[in-house]
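The file start_2.pdb comes next; it holds PDB, C-alpha atoms.
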ATOM      1  CA  MET A 363     117.042  87.152  90.455
ATOM      2  CA  THR A 364     117.267  83.414  90.969
ATOM      3  CA  LEU A 365     120.388  81.380  91.687
ATOM      4  CA  ARG A 366     120.279  77.575  91.601
ATOM      5  CA  ALA A 367     122.803  74.957  92.601
ATOM      6  CA  GLU A 368     122.441  71.249  92.020
ATOM      7  CA  THR A 369     123.438  69.136  94.981
ATOM      8  CA  GLY A 370     124.017  65.396  95.103
ATOM      9  CA  ALA A 371     120.399  64.674  96.009
ATOM     10  CA  GLY A 372     118.530  67.822  94.985
ATOM     11  CA  MET A 373     118.529  71.499  94.223
ATOM     12  CA  LEU A 374     119.246  74.575  96.364
ATOM     13  CA  ARG A 375     117.618  77.791  95.159
ATOM     14  CA  LEU A 376     117.953  81.452  96.189
ATOM     15  CA  ASP A 377     115.305  83.936  95.019
ATOM     16  CA  LEU A 378     115.851  87.665  95.519
ATOM     17  CA  GLY A 379     113.627  90.420  94.213
ATOM     18  CA  ARG A 380     112.805  94.105  94.459
ATOM     19  CA  HIS A 381     109.795  95.962  93.106
ATOM     20  CA  GLU A 382     109.310  99.734  93.014
ATOM     21  CA  SER A 383     106.247 101.647  91.820
ATOM     22  CA  ARG A 384     105.779 105.396  91.910
ATOM     23  CA  ASN A 385     102.795 107.637  91.250
ATOM     24  CA  ALA A 386     100.308 105.028  90.087
ATOM     25  CA  GLY A 387      97.083 106.989  89.746
ATOM     26  CA  THR A 388      93.721 105.314  90.247
ATOM     27  CA  PRO A 389      91.091 107.742  88.866
ATOM     28  CA  ALA A 390      88.150 105.553  89.869
ATOM     29  CA  LEU A 391      89.261 105.404  93.515
ATOM     30  CA  PRO A 392      89.616 108.212  96.055
ATOM     31  CA  MET A 393      93.358 107.611  96.629
ATOM     32  CA  ASP A 394      96.449 107.093  94.455
ATOM     33  CA  MET A 395      99.441 104.854  95.098
ATOM     34  CA  ILE A 396     102.395 107.196  95.495
ATOM     35  CA  ARG A 397     104.984 104.601  96.499
ATOM     36  CA  ASP A 398     105.025 100.821  96.673
ATOM     37  CA  ASP A 399     108.372  99.202  97.444
ATOM     38  CA  ALA A 400     108.699  95.476  97.992
ATOM     39  CA  ASN A 401     111.642  93.200  98.742
ATOM     40  CA  LYS A 402     111.629  89.417  98.795
ATOM     41  CA  ALA A 403     114.171  86.771  99.662
ATOM     42  CA  ALA A 404     113.704  83.020  99.781
ATOM     43  CA  LEU A 405     116.054  80.101 100.171
ATOM     44  CA  SER A 406     114.614  76.706  99.259
ATOM     45  CA  TYR A 407     115.757  73.126  98.901
ATOM     46  CA  ASN A 408     114.148  70.177  97.117
ATOM     47  CA  GLY A 409     115.803  66.803  97.413
ATOM     48  CA  GLN A 410     115.191  63.177  96.483
ATOM     49  CA  TYR A 411     116.550  60.547  98.832
ATOM     50  CA  GLY A 412     116.187  56.796  99.176
ATOM     51  CA  PHE A 413     113.455  57.219 101.801
ATOM     52  CA  GLY A 414     111.502  59.890  99.831
ATOM     53  CA  ALA A 415     111.442  63.590  98.985
ATOM     54  CA  VAL A 416     112.208  66.631 101.144
ATOM     55  CA  GLU A 417     111.133  70.226 100.532
ATOM     56  CA  ALA A 418     112.276  73.105 102.753
ATOM     57  CA  LYS A 419     112.018  76.874 102.433
ATOM     58  CA  VAL A 420     112.680  80.021 104.479
ATOM     59  CA  TYR A 421     111.493  83.412 103.258
ATOM     60  CA  ARG A 422     111.089  87.100 104.006
ATOM     61  CA  HIS A 423     108.852  89.684 102.288
ATOM     62  CA  GLU A 424     108.851  93.415 103.071
ATOM     63  CA  ILE A 425     106.382  95.950 101.682
ATOM     64  CA  ASN A 426     106.434  99.721 102.206
ATOM     65  CA  HIS A 427     103.371 101.387 100.699
ATOM     66  CA  LEU A 428     102.046 104.969 100.582
ATOM     67  CA  MET A 429      98.717 106.177  99.237
ATOM     68  CA  ASP A 430      97.347 109.715  99.270
ATOM     69  CA  ASN A 431      94.687 111.788  97.549
ATOM     70  CA  TYR A 432      96.567 115.029  96.875
ATOM     71  CA  SER A 433      99.983 114.394  95.249
ATOM     72  CA  LEU A 434      98.557 113.527  91.814
ATOM     73  CA  ARG A 435      95.306 115.546  92.074
ATOM     74  CA  ASP A 436      94.399 119.236  92.410
ATOM     75  CA  LEU A 437      93.553 119.112  96.098
ATOM     76  CA  THR A 438      95.018 121.570  98.597
ATOM     77  CA  GLY A 439      94.442 119.285 101.553
ATOM     78  CA  GLY A 440      93.918 115.600 101.775
ATOM     79  CA  MET A 441      94.800 112.348 103.449
ATOM     80  CA  LEU A 442      97.816 110.113 103.318
ATOM     81  CA  ALA A 443      97.827 106.444 104.276
ATOM     82  CA  PRO A 444     101.187 104.722 104.718
ATOM     83  CA  ALA A 445     101.407 100.991 105.389
ATOM     84  CA  THR A 446     104.141  98.432 106.003
ATOM     85  CA  SER A 447     103.900  94.654 105.974
ATOM     86  CA  ASN A 448     106.643  92.146 106.758
ATOM     87  CA  ASP A 449     106.287  88.371 106.382
ATOM     88  CA  THR A 450     108.790  85.855 107.687
ATOM     89  CA  GLY A 451     108.278  82.135 107.461
ATOM     90  CA  TYR A 452     109.480  78.639 106.781
ATOM     91  CA  LEU A 453     108.128  75.282 105.696
ATOM     92  CA  ILE A 454     109.403  71.745 105.612
ATOM     93  CA  ASN A 455     107.619  68.794 104.002
ATOM     94  CA  THR A 456     108.548  65.162 103.495
ATOM     95  CA  THR A 457     106.956  62.670 101.091
ATOM     96  CA  LEU A 458     107.466  58.996 101.895
ATOM     97  CA  PRO A 459     106.328  56.487  99.246
ATOM     98  CA  ARG A 460     105.822  52.974 100.617
ATOM     99  CA  GLY A 461     104.476  50.439  98.093
ATOM    100  CA  SER A 462     100.969  51.505  97.085
ATOM    101  CA  ASN A 463     100.898  53.997  99.990
ATOM    102  CA  THR A 464     102.336  57.492 100.198
ATOM    103  CA  TYR A 465     102.796  59.360 103.469
ATOM    104  CA  ARG A 466     103.352  63.112 103.716
ATOM    105  CA  VAL A 467     104.228  65.080 106.830
ATOM    106  CA  GLY A 468     105.189  68.682 107.220
ATOM    107  CA  MET A 469     105.022  71.946 109.054
ATOM    108  CA  GLU A 470     104.827  75.631 108.193
ATOM    109  CA  PHE A 471     105.315  78.841 110.171
ATOM    110  CA  LEU A 472     104.312  82.371 109.160
ATOM    111  CA  ASN A 473     104.771  85.614 111.070
ATOM    112  CA  ASN A 474     103.279  88.859 109.736
ATOM    113  CA  ASP A 475     103.791  92.360 111.123
ATOM    114  CA  PHE A 476     101.418  94.974 109.657
ATOM    115  CA  ASP A 477     101.156  98.678 110.381
ATOM    116  CA  SER A 478      98.801 101.148 108.702
ATOM    117  CA  TYR A 479      97.257 104.494 109.560
ATOM    118  CA  ALA A 480      95.681 107.518 107.864
ATOM    119  CA  GLN A 481      96.537 111.155 108.548
ATOM    120  CA  SER A 482      95.708 114.522 107.017
ATOM    121  CA  SER A 483      98.279 116.019 104.675
ATOM    122  CA  THR A 484      98.964 118.733 107.281
ATOM    123  CA  LEU A 485     100.354 115.948 109.536
ATOM    124  CA  ALA A 486      98.408 117.380 112.477
ATOM    125  CA  ALA A 487      98.515 114.938 115.387
ATOM    126  CA  ALA A 488      94.746 115.242 115.925
ATOM    127  CA  SER A 489      94.107 113.941 112.396
ATOM    128  CA  LEU A 490      95.860 110.610 113.006
ATOM    129  CA  LYS A 491      93.499 107.652 112.474
ATOM    130  CA  ASP A 492      94.665 104.179 113.314
ATOM    131  CA  ILE A 493      93.702 101.566 110.767
ATOM    132  CA  ILE A 494      95.824  98.662 111.983
ATOM    133  CA  ARG A 495      98.633  99.697 114.299
ATOM    134  CA  ASN A 496     101.330  97.216 115.249
ATOM    135  CA  GLY A 497      99.269  94.304 113.936
ATOM    136  CA  LYS A 498     100.896  90.914 114.403
ATOM    137  CA  ARG A 499      99.870  87.455 113.313
ATOM    138  CA  SER A 500     101.775  84.245 113.810
ATOM    139  CA  ARG A 501     100.556  80.943 112.483
ATOM    140  CA  MET A 502     102.041  77.481 112.739
ATOM    141  CA  GLY A 503     100.647  74.405 111.085
ATOM    142  CA  LEU A 504     101.443  70.694 111.160
ATOM    143  CA  PHE A 505      99.970  68.149 108.785
ATOM    144  CA  GLY A 506     100.047  64.486 107.940
ATOM    145  CA  GLU A 507      98.549  62.616 104.980
ATOM    146  CA  TRP A 508      98.110  59.026 103.984
ATOM    147  CA  GLU A 509      97.363  58.274 100.343
ATOM    148  CA  ALA A 510      96.586  54.746  99.186
ATOM    149  CA  SER A 511      95.838  53.290  95.765
ATOM    150  CA  VAL A 512      93.148  50.671  96.225
ATOM    151  CA  SER A 513      93.019  50.000  92.477
ATOM    152  CA  GLU A 514      93.706  51.886  89.247
ATOM    153  CA  GLN A 515      90.261  53.469  89.570
ATOM    154  CA  TRP A 516      90.132  54.054  93.341
ATOM    155  CA  GLN A 517      92.419  56.143  95.459
ATOM    156  CA  THR A 518      92.005  57.239  99.082
ATOM    157  CA  LEU A 519      93.433  60.240 100.872
ATOM    158  CA  LEU A 520      93.227  60.785 104.613
ATOM    159  CA  ASP A 521      94.756  63.874 106.143
ATOM    160  CA  CYS A 522      94.971  65.594 109.471
ATOM    161  CA  ALA A 523      96.106  69.162 110.142
ATOM    162  CA  ALA A 524      96.577  71.313 113.210
ATOM    163  CA  ILE A 525      96.891  75.073 112.753
ATOM    164  CA  ARG A 526      97.558  77.488 115.543
TER
END

What is this structure when it is put down as structure tokens?
Amino acid sequence: MTLRAETGAGMLRLDLGRHESRNAGTPALPMDMIRDDANKAALSYNGQYGFGAVEAKVYRHEINHLMDNYSLRDLTGGMLAPATSNDTGYLINTTLPRGSNTYRVGMEFLNNDFDSYAQSSTLAAASLKDIIRNGKRSRMGLFGEWEASVSEQWQTLLDCAAIR
């Protein structure tokens, strides 16, 4: 679902979504997707001002996923592999046209939490195998660009980025 609202200088947009899949067999692979639930939410803004353009966005994605090799197959014992992944982030960019030059600056942040393991269908504690437990990744980036039109046939672009 998307909701949009025009503002004096731009547009505000809200995106919300949900996805659900159940019992998606994969005969060529050793495991089937039993459940895959995903939620997403994003709020963004794009605006045009006298000094240039602004783009901003905040978002959240959540995924809850379960695979196994016994629910859809004739196996008495097997493995299950649940996983969750959550992304949270934001970005803000500005474009500043100045004569035959255009300057762009911006930043982005992303945080991901990921958890996945495999376990026998008996749920015995000794069968627990960590794949990625409590995985976390945070990334922040800053960038700047300078674009210049030397002539109709020649254009230059110089950029610099720092990602941590």

Can you tell me which residues surround Asp430 in chain A at a distance of at most 10 Å, considering only C-alpha atoms, apart from same-chain residues fewer than 2 positions away, and format the answer as a PyMOL selection string?
chain A and resi 385+387+392-397+428+432-435+440-444+480-483

Surrounding residues of range 402-409 of chain A excluding itself and chain neighbours under 6 positions, 12 Å, all atoms listed in the file, as a VMD selection string:
chain A and resid 363 to 381 415 to 425 447 to 457

What would the selection look like, as a PyMOL selection string, if the PyMOL selection byres ((chain A and resi 523-526) around 10) were run on the coordinates I just shared?
chain A and resi 467-471+500-507+521-522

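The space separating CA of Leu472 in chain A from CA of Arg499 in chain A comes to 7.9 Å.
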
For the point (110.1, 56.2, 97.8) in the file's frame, write as a VMD selection string all residues with an atom no more than 12 Å away, counting all atoms listed in the file.
chain A and resid 410 to 416 456 to 466

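Between CA of Ala390 in chain A and CA of Ala486 in chain A lies a distance of 27.5 Å.
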
Which residue is closest to Ser478 in chain A? Choose from A:Ala400, A:Ala386, A:Met429, A:Leu437 and count only C-alpha atoms.
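That would be A:Met429, the residue with the smallest distance to Ser478 in chain A.
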
Could you tell me, as an MDAnalysis selection string, which residues have any atom at most 6 Å from (94.2, 107.2, 111.1), counting only C-alpha atoms?
chainID A and resid 479:481 490:493

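A straight line drawn from CA of Asn431 in chain A to CA of Arg495 in chain A is 21.0 Å long.
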
List, as a ChimeraX atom specification, every residue that the PyMOL selection byres ((chain A and resi 398) around 6) selects in the file provided.
/A:382-383,397,399,426-427

Kindly export the residues of the current selection with C-alpha atoms, as a PDB file, in the coordinates of the input.
ATOM      1  CA  GLU A 382     109.310  99.734  93.014  1.00  0.00           C
ATOM      2  CA  SER A 383     106.247 101.647  91.820  1.00  0.00           C
ATOM      3  CA  ARG A 397     104.984 104.601  96.499  1.00  0.00           C
ATOM      4  CA  ASP A 399     108.372  99.202  97.444  1.00  0.00           C
ATOM      5  CA  ASN A 426     106.434  99.721 102.206  1.00  0.00           C
ATOM      6  CA  HIS A 427     103.371 101.387 100.699  1.00  0.00           C
TER       7      HIS A 427
END

Can range 499-512 of chain A be brought up to N, CA and C atoms and written out as a PDB file, keeping the file's coordinate frame?
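Okay, this is what ended up in part_24.pdb:
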ATOM      1  N   ARG A 499     100.533  88.747 113.450  1.00  0.00           N
ATOM      2  CA  ARG A 499      99.870  87.455 113.313  1.00  0.00           C
ATOM      3  C   ARG A 499     100.939  86.399 113.120  1.00  0.00           C
ATOM      4  N   SER A 500     100.872  85.388 113.939  1.00  0.00           N
ATOM      5  CA  SER A 500     101.775  84.245 113.810  1.00  0.00           C
ATOM      6  C   SER A 500     100.918  83.002 113.658  1.00  0.00           C
ATOM      7  N   ARG A 501     101.310  82.168 112.735  1.00  0.00           N
ATOM      8  CA  ARG A 501     100.556  80.943 112.483  1.00  0.00           C
ATOM      9  C   ARG A 501     101.538  79.799 112.284  1.00  0.00           C
ATOM     10  N   MET A 502     101.233  78.687 112.926  1.00  0.00           N
ATOM     11  CA  MET A 502     102.041  77.481 112.739  1.00  0.00           C
ATOM     12  C   MET A 502     101.093  76.341 112.412  1.00  0.00           C
ATOM     13  N   GLY A 503     101.476  75.530 111.467  1.00  0.00           N
ATOM     14  CA  GLY A 503     100.647  74.405 111.085  1.00  0.00           C
ATOM     15  C   GLY A 503     101.464  73.135 110.944  1.00  0.00           C
ATOM     16  N   LEU A 504     100.864  72.024 111.332  1.00  0.00           N
ATOM     17  CA  LEU A 504     101.443  70.694 111.160  1.00  0.00           C
ATOM     18  C   LEU A 504     100.432  69.867 110.378  1.00  0.00           C
ATOM     19  N   PHE A 505     100.904  68.985 109.507  1.00  0.00           N
ATOM     20  CA  PHE A 505      99.970  68.149 108.785  1.00  0.00           C
ATOM     21  C   PHE A 505     100.566  66.772 108.543  1.00  0.00           C
ATOM     22  N   GLY A 506      99.675  65.841 108.324  1.00  0.00           N
ATOM     23  CA  GLY A 506     100.047  64.486 107.940  1.00  0.00           C
ATOM     24  C   GLY A 506      99.015  63.948 106.970  1.00  0.00           C
ATOM     25  N   GLU A 507      99.453  63.206 105.971  1.00  0.00           N
ATOM     26  CA  GLU A 507      98.549  62.616 104.980  1.00  0.00           C
ATOM     27  C   GLU A 507      98.924  61.165 104.729  1.00  0.00           C
ATOM     28  N   TRP A 508      97.912  60.408 104.420  1.00  0.00           N
ATOM     29  CA  TRP A 508      98.110  59.026 103.984  1.00  0.00           C
ATOM     30  C   TRP A 508      97.313  58.858 102.700  1.00  0.00           C
ATOM     31  N   GLU A 509      97.998  58.500 101.634  1.00  0.00           N
ATOM     32  CA  GLU A 509      97.363  58.274 100.343  1.00  0.00           C
ATOM     33  C   GLU A 509      97.573  56.819  99.955  1.00  0.00           C
ATOM     34  N   ALA A 510      96.496  56.160  99.549  1.00  0.00           N
ATOM     35  CA  ALA A 510      96.586  54.746  99.186  1.00  0.00           C
ATOM     36  C   ALA A 510      95.871  54.509  97.866  1.00  0.00           C
ATOM     37  N   SER A 511      96.463  53.699  97.017  1.00  0.00           N
ATOM     38  CA  SER A 511      95.838  53.290  95.765  1.00  0.00           C
ATOM     39  C   SER A 511      95.193  51.927  95.989  1.00  0.00           C
ATOM     40  N   VAL A 512      93.877  51.915  96.038  1.00  0.00           N
ATOM     41  CA  VAL A 512      93.148  50.671  96.225  1.00  0.00           C
ATOM     42  C   VAL A 512      93.144  49.881  94.918  1.00  0.00           C
TER      43      VAL A 512
END
